[in-house]
Amino acid sequence: MSDVTELDARPTYAFLGPAGTFTEAALLQVPGAANADFLPCSSVNAALTKVREGKATAAMVPIENSVEGGVSATLDAIANGTKLQIVREALVPITFVLTVRPGITELSQIRSISTHSHAWAQCRYWAEMNTPNAEFIPASSTAAAAMGLLDDDVTYDAAISSPLVAQQNSLNVLQTGVEDNTGAVTRFVLVSLPGTVPPVTGSDKTTLVIPLPEDHPGALMDILDQFASRGVNLTRIESRPTGEGLGNYFFSVDAEGHIHESRMSDALMGLHRITPDIRFLGSYPAAEQLSPNYGRHNSEEAYREARAWVDGLRGFDTAL
């Protein structure tokens, strides 16, 4: 399959559906998305499977939320199986509305609310304060919960969803802004099969899966030192179980910088010596326009000078 930087005339994008999810809003930020075919999927793993099977050019999936942290389903799915590559990211401000089935006109009438578990976690306090008797009904997505209200045999009273799905389907919105934390943001990533790495922009991010080779004192410090000694800042680090027994973990890491920059490539070489099974998930432009802060000794110029100095020494030794 061609890389998403050289897309066919009409690419196909898989995403966590149905239509109206925050994931679709993230996908609409991709240049040329209006001319693409959208393929809604019931889960993150299903969307990524479409890419792995060649049935989608790329998939947009959530990876991190400013309130709940990393999305475990995505972190695990991209860490295992056929290798994938992140080619861009998108940030979507998160605000929720409460939609209700016909006949519900007051909050006091609500006895059950359906939504995705991540959305519920971001609205739980509001729900406890305003609908204290309501039961939480898990749904595969916020949009699926909202769309369920259109069914004649719906078994719950209300749904928490994005304003987009409510608007697209003319749902009855009883309350807006039901999120507990105003200003919350979810980060999404566009994932393809491995291909050409997007060029350096000067404001880039690199995502890695780093297995812990063995559990011993200082094992994590050995990994972190590879970044710290080269002035590479980590914007996210999370541990995830490998599923191979207690105490077996890998680290999911986002770092400021690009693999084509010397400080990052040098850090990756150091990591590979420690844990050869490290998985590179891509270098891509950072949505939040990062401004990396590192000393002069970790600049491209410093690396060039150091390489030239060592090359000179090697040439001198050879001449002798």
# chains A, B, ... in the order shown; residues from 1 in each chain; ligands from 1
$ residues_around --residues "Pro102 of chain A" --least-positions-apart "3" --cutoff "10 Å" --atoms "only C-alpha atoms" --output "PyMOL selection string"
chain A and resi 99+105+149-150+152+157-158+171-172
$ residues_around --residues "Met60 of chain A" --least-positions-apart "3" --cutoff "7 Å" --atoms "only C-alpha atoms" --output "list in words"
Ala14, Phe15, Thr23, Leu27, Phe188, Val189, Leu190 and Val191 of chain A
$ select_by_dssp --residues "segment 77-308 of chain A" --states "strand (DSSP E or B)" --output "PyMOL selection string"
chain A and resi 85-93+97-100+112-115+135-138+158-161+172-176+185-192+204-211+234-241+249-256+279-285
$ select_by_dssp --residues "segment 189-250 of chain A" --states "helix (DSSP H, G or I)" --output "PyMOL selection string"
chain A and resi 219-228
$ write_last_selection --atoms "all heavy atoms" --output "PDB file, in the first residue's frame"
ATOM      1  N   ALA A 219      16.609  -0.251  35.713  1.00  0.00           N
ATOM      2  CA  ALA A 219      16.289  -0.618  34.324  1.00  0.00           C
ATOM      3  C   ALA A 219      15.601   0.539  33.610  1.00  0.00           C
ATOM      4  O   ALA A 219      15.940   0.867  32.462  1.00  0.00           O
ATOM      5  CB  ALA A 219      15.413  -1.865  34.289  1.00  0.00           C
ATOM      6  N   LEU A 220      14.639   1.166  34.267  1.00  0.00           N
ATOM      7  CA  LEU A 220      13.961   2.310  33.652  1.00  0.00           C
ATOM      8  C   LEU A 220      14.911   3.489  33.502  1.00  0.00           C
ATOM      9  O   LEU A 220      14.876   4.208  32.496  1.00  0.00           O
ATOM     10  CB  LEU A 220      12.743   2.710  34.488  1.00  0.00           C
ATOM     11  CG  LEU A 220      11.977   3.949  34.006  1.00  0.00           C
ATOM     12  CD1 LEU A 220      11.494   3.775  32.567  1.00  0.00           C
ATOM     13  CD2 LEU A 220      10.796   4.242  34.938  1.00  0.00           C
ATOM     14  N   MET A 221      15.796   3.676  34.487  1.00  0.00           N
ATOM     15  CA  MET A 221      16.768   4.771  34.413  1.00  0.00           C
ATOM     16  C   MET A 221      17.693   4.601  33.208  1.00  0.00           C
ATOM     17  O   MET A 221      18.053   5.581  32.541  1.00  0.00           O
ATOM     18  CB  MET A 221      17.589   4.835  35.698  1.00  0.00           C
ATOM     19  CG  MET A 221      18.553   6.013  35.751  1.00  0.00           C
ATOM     20  SD  MET A 221      17.695   7.610  35.725  1.00  0.00           S
ATOM     21  CE  MET A 221      16.893   7.568  37.320  1.00  0.00           C
ATOM     22  N   ASP A 222      18.057   3.368  32.906  1.00  0.00           N
ATOM     23  CA  ASP A 222      18.904   3.117  31.728  1.00  0.00           C
ATOM     24  C   ASP A 222      18.229   3.620  30.454  1.00  0.00           C
ATOM     25  O   ASP A 222      18.880   4.163  29.557  1.00  0.00           O
ATOM     26  CB  ASP A 222      19.188   1.619  31.588  1.00  0.00           C
ATOM     27  CG  ASP A 222      20.101   1.093  32.690  1.00  0.00           C
ATOM     28  OD1 ASP A 222      20.784   1.922  33.327  1.00  0.00           O
ATOM     29  OD2 ASP A 222      20.119  -0.129  32.909  1.00  0.00           O
ATOM     30  N   ILE A 223      16.908   3.422  30.379  1.00  0.00           N
ATOM     31  CA  ILE A 223      16.142   3.873  29.217  1.00  0.00           C
ATOM     32  C   ILE A 223      16.033   5.396  29.192  1.00  0.00           C
ATOM     33  O   ILE A 223      16.288   6.045  28.179  1.00  0.00           O
ATOM     34  CB  ILE A 223      14.747   3.219  29.227  1.00  0.00           C
ATOM     35  CG1 ILE A 223      14.869   1.712  28.950  1.00  0.00           C
ATOM     36  CG2 ILE A 223      13.822   3.878  28.207  1.00  0.00           C
ATOM     37  CD1 ILE A 223      13.577   0.946  29.135  1.00  0.00           C
ATOM     38  N   LEU A 224      15.672   5.973  30.331  1.00  0.00           N
ATOM     39  CA  LEU A 224      15.486   7.421  30.392  1.00  0.00           C
ATOM     40  C   LEU A 224      16.779   8.178  30.126  1.00  0.00           C
ATOM     41  O   LEU A 224      16.771   9.271  29.550  1.00  0.00           O
ATOM     42  CB  LEU A 224      14.908   7.817  31.750  1.00  0.00           C
ATOM     43  CG  LEU A 224      13.503   7.273  32.070  1.00  0.00           C
ATOM     44  CD1 LEU A 224      13.074   7.720  33.460  1.00  0.00           C
ATOM     45  CD2 LEU A 224      12.492   7.740  31.028  1.00  0.00           C
ATOM     46  N   ASP A 225      17.900   7.595  30.551  1.00  0.00           N
ATOM     47  CA  ASP A 225      19.196   8.256  30.341  1.00  0.00           C
ATOM     48  C   ASP A 225      19.498   8.451  28.865  1.00  0.00           C
ATOM     49  O   ASP A 225      20.185   9.410  28.488  1.00  0.00           O
ATOM     50  CB  ASP A 225      20.317   7.430  30.987  1.00  0.00           C
ATOM     51  CG  ASP A 225      20.456   7.701  32.473  1.00  0.00           C
ATOM     52  OD1 ASP A 225      19.861   8.681  32.952  1.00  0.00           O
ATOM     53  OD2 ASP A 225      21.146   6.919  33.160  1.00  0.00           O
ATOM     54  N   GLN A 226      18.999   7.552  28.012  1.00  0.00           N
ATOM     55  CA  GLN A 226      19.255   7.686  26.575  1.00  0.00           C
ATOM     56  C   GLN A 226      18.632   8.963  26.020  1.00  0.00           C
ATOM     57  O   GLN A 226      19.173   9.584  25.102  1.00  0.00           O
ATOM     58  CB  GLN A 226      18.718   6.462  25.816  1.00  0.00           C
ATOM     59  CG  GLN A 226      19.277   5.140  26.299  1.00  0.00           C
ATOM     60  CD  GLN A 226      20.803   5.123  26.297  1.00  0.00           C
ATOM     61  OE1 GLN A 226      21.445   5.497  25.316  1.00  0.00           O
ATOM     62  NE2 GLN A 226      21.372   4.691  27.416  1.00  0.00           N
ATOM     63  N   PHE A 227      17.511   9.356  26.594  1.00  0.00           N
ATOM     64  CA  PHE A 227      16.861  10.601  26.180  1.00  0.00           C
ATOM     65  C   PHE A 227      17.497  11.809  26.871  1.00  0.00           C
ATOM     66  O   PHE A 227      17.836  12.806  26.222  1.00  0.00           O
ATOM     67  CB  PHE A 227      15.367  10.558  26.514  1.00  0.00           C
ATOM     68  CG  PHE A 227      14.597   9.497  25.784  1.00  0.00           C
ATOM     69  CD1 PHE A 227      14.143   8.365  26.446  1.00  0.00           C
ATOM     70  CD2 PHE A 227      14.307   9.628  24.436  1.00  0.00           C
ATOM     71  CE1 PHE A 227      13.419   7.395  25.769  1.00  0.00           C
ATOM     72  CE2 PHE A 227      13.585   8.659  23.749  1.00  0.00           C
ATOM     73  CZ  PHE A 227      13.140   7.538  24.429  1.00  0.00           C
ATOM     74  N   ALA A 228      17.654  11.709  28.182  1.00  0.00           N
ATOM     75  CA  ALA A 228      18.128  12.858  28.966  1.00  0.00           C
ATOM     76  C   ALA A 228      19.518  13.310  28.531  1.00  0.00           C
ATOM     77  O   ALA A 228      19.787  14.513  28.418  1.00  0.00           O
ATOM     78  CB  ALA A 228      18.130  12.511  30.455  1.00  0.00           C
TER      79      ALA A 228
END
$ atom_distance --atom1 "atom CA of Gly17 of chain A" --atom2 "atom CA of Ala56 of chain A"
14.3 Å
$ atom_distance --atom1 "atom CA of Ser299 of chain A" --atom2 "atom CA of Ile237 of chain A"
23.7 Å
$ closest_residue --among "A:Ser192, A:Thr201, A:Ser161, A:Thr12" --to "Cys123 of chain A" --atoms "only C-alpha atoms"
A:Ser161
$ closest_residue --among "A:Pro11, A:Arg236, A:Arg279, A:Ala184" --to "Ala33 of chain A" --atoms "only C-alpha atoms"
A:Pro11
$ residues_around --residues "segment 133-143 of chain A" --least-positions-apart "6" --cutoff "8 Å" --atoms "only C-alpha atoms" --output "list in words"
Leu16, Gly17, Pro18, Ala19, Gly20, Thr21, Ser42, Ser43, Ile110, Arg111, Ser112, Ile113, Ser114, Thr115, His116, Ser117, Ala119, Trp120, Ala127, Tyr156, Ala159, Ile160, Ser161, Ser162 and Val165 of chain A
$ closest_residue --among "A:Gly231, A:Asn248, A:His258, A:Ser108" --to "Arg296 of chain A" --atoms "only C-alpha atoms"
A:Gly231
$ closest_residue --among "A:Leu39, A:Ala144, A:Val253, A:Leu313" --to "Gly70 of chain A" --atoms "only C-alpha atoms"
A:Val253
$ closest_residue --among "A:Asp153, A:Asp311, A:Glu214, A:Glu68" --to "Tyr249 of chain A" --atoms "only C-alpha atoms"
A:Glu214
$ atom_distance --atom1 "atom CA of Ser72 of chain A" --atom2 "atom CA of Glu261 of chain A"
29.1 Å
